[in-house]
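Colleague: I have a structure I would like to understand better, so I am pasting it below and will then ask my questions one at a time.
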Amino acid sequence: MLSFYICLRKIPPMTEPRINPNVSVDCVIFSFEDDGLEVLLIERNAGQNRIEDDLLALPGNLIYEDETLDAAANRVLRELTGLKNIYLEQVYTFGDPARINKQKDQDWLHSIRAHPEARVITVAYTSLVKKSNFKISPSSFARQAMWVKVKEVPQLAFDHNALLEKALEYLKHKIYIEPLGYELLPERFTLAQLQKLYEAILDDHFDKRNFRRKVLRTSFIIPLNEKQKGVAHKPAGLYRFDKSKFHKI
């Protein structure tokens, strides 16, 4: 009994991780539906203080002193939205001294942060997911989490509209060097779906014949001996990606 008591005394007390008040991470998570590109946003909870806050935001928060940026991004995304095991990529770092200039943001920070006046440097991350594969479960200071069409995104908290634009620029570059459709489209898809994806990311419109001719000249789109089923219109042929053969179209 005595030895057990001694062992218990050797266990160090649990301590809360220390928060770095000057560094945060924000996550720009995209998904795609037939009618366009969507981004995951949260509705902020003002905590115990009742303040007027109707600004949506990207999922983000301060990092802990003892964690890497990548670990922080994954933790924050999981805590605020329930999404986990997501591959995240760094996009950009935002450090303008005037990042927090909206009164609603200042009021919200005073209601929830220990150091609301601290200057915060934010590292933005992005990812592409099939939203049907994930269940959103908001918690912490996220009262709600929702998918919003990129073209319908309102004014966001802080400088999050600029973060969103930077992530979109990143996608526009990346779509020419990686098969993004592999992450956003069904395993078997039509060329019409692929064209809508390119048009949504590049914010452009392509001639149907020219797009299909260019796509079919590549080796990364593999035609299947299958067609759509259960559709009201004439069923279209189905295709799949071969990631190992992707190159610019």
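The chains in the structure tokens are called A, B, ... from first to last as shown; in each chain the residues are counted from 1, and the ligands are counted from 1 in the order shown.
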May I have the residues within 12 Å of Asp26 of chain A as a VMD selection string, using only C-alpha atoms and disregarding those fewer than 4 positions away in the same chain?
Modeller: chain A and resid 40 to 42 57 to 63 69 to 70 72 to 77 80 88 to 94 120 to 127 157 to 164 167
Colleague: As a count of residues only, list the residues of segment 13-248 of chain A assigned to strand (DSSP E or B) by DSSP on the backbone atoms of this structure.
Modeller: 67
Colleague: Can you list, as a PDB file with C-alpha atoms, in the first residue's frame, every protein, DNA or RNA residue that comes within 9 Å of Ile136 of chain A when you count only C-alpha atoms, leaving out same-chain residues fewer than 2 positions away?
Modeller:
```pdb
ATOM      1  CA  THR A  81     -15.292  21.444 -36.884  1.00  0.00           C
ATOM      2  CA  GLY A  82     -14.722  17.791 -35.992  1.00  0.00           C
ATOM      3  CA  LEU A  83     -12.713  17.186 -39.180  1.00  0.00           C
ATOM      4  CA  LYS A 131     -17.564  16.725 -47.743  1.00  0.00           C
ATOM      5  CA  PHE A 134     -16.818  13.840 -43.233  1.00  0.00           C
ATOM      6  CA  PRO A 138     -18.601  22.101 -34.211  1.00  0.00           C
ATOM      7  CA  ALA A 145     -19.862  25.028 -38.879  1.00  0.00           C
ATOM      8  CA  MET A 146     -21.231  25.125 -42.394  1.00  0.00           C
TER       9      MET A 146
END
```
Colleague: Identify, on the basis of only C-alpha atoms, every residue whose closest approach to Tyr64 of chain A does not exceed 7 Å; exclude the query and any residue fewer than 4 positions from it along the same chain; express the result as a list in words.
Modeller: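 Result of the neighbour search: Pro17, Arg18, Ile19 and Asn20 of chain A.
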Colleague: May I ask which of the residues A:Arg119, A:Arg212, A:Lys229, A:Arg78 is the closest one to Asp96 of chain A, counting only C-alpha atoms?
Modeller: A:Arg119
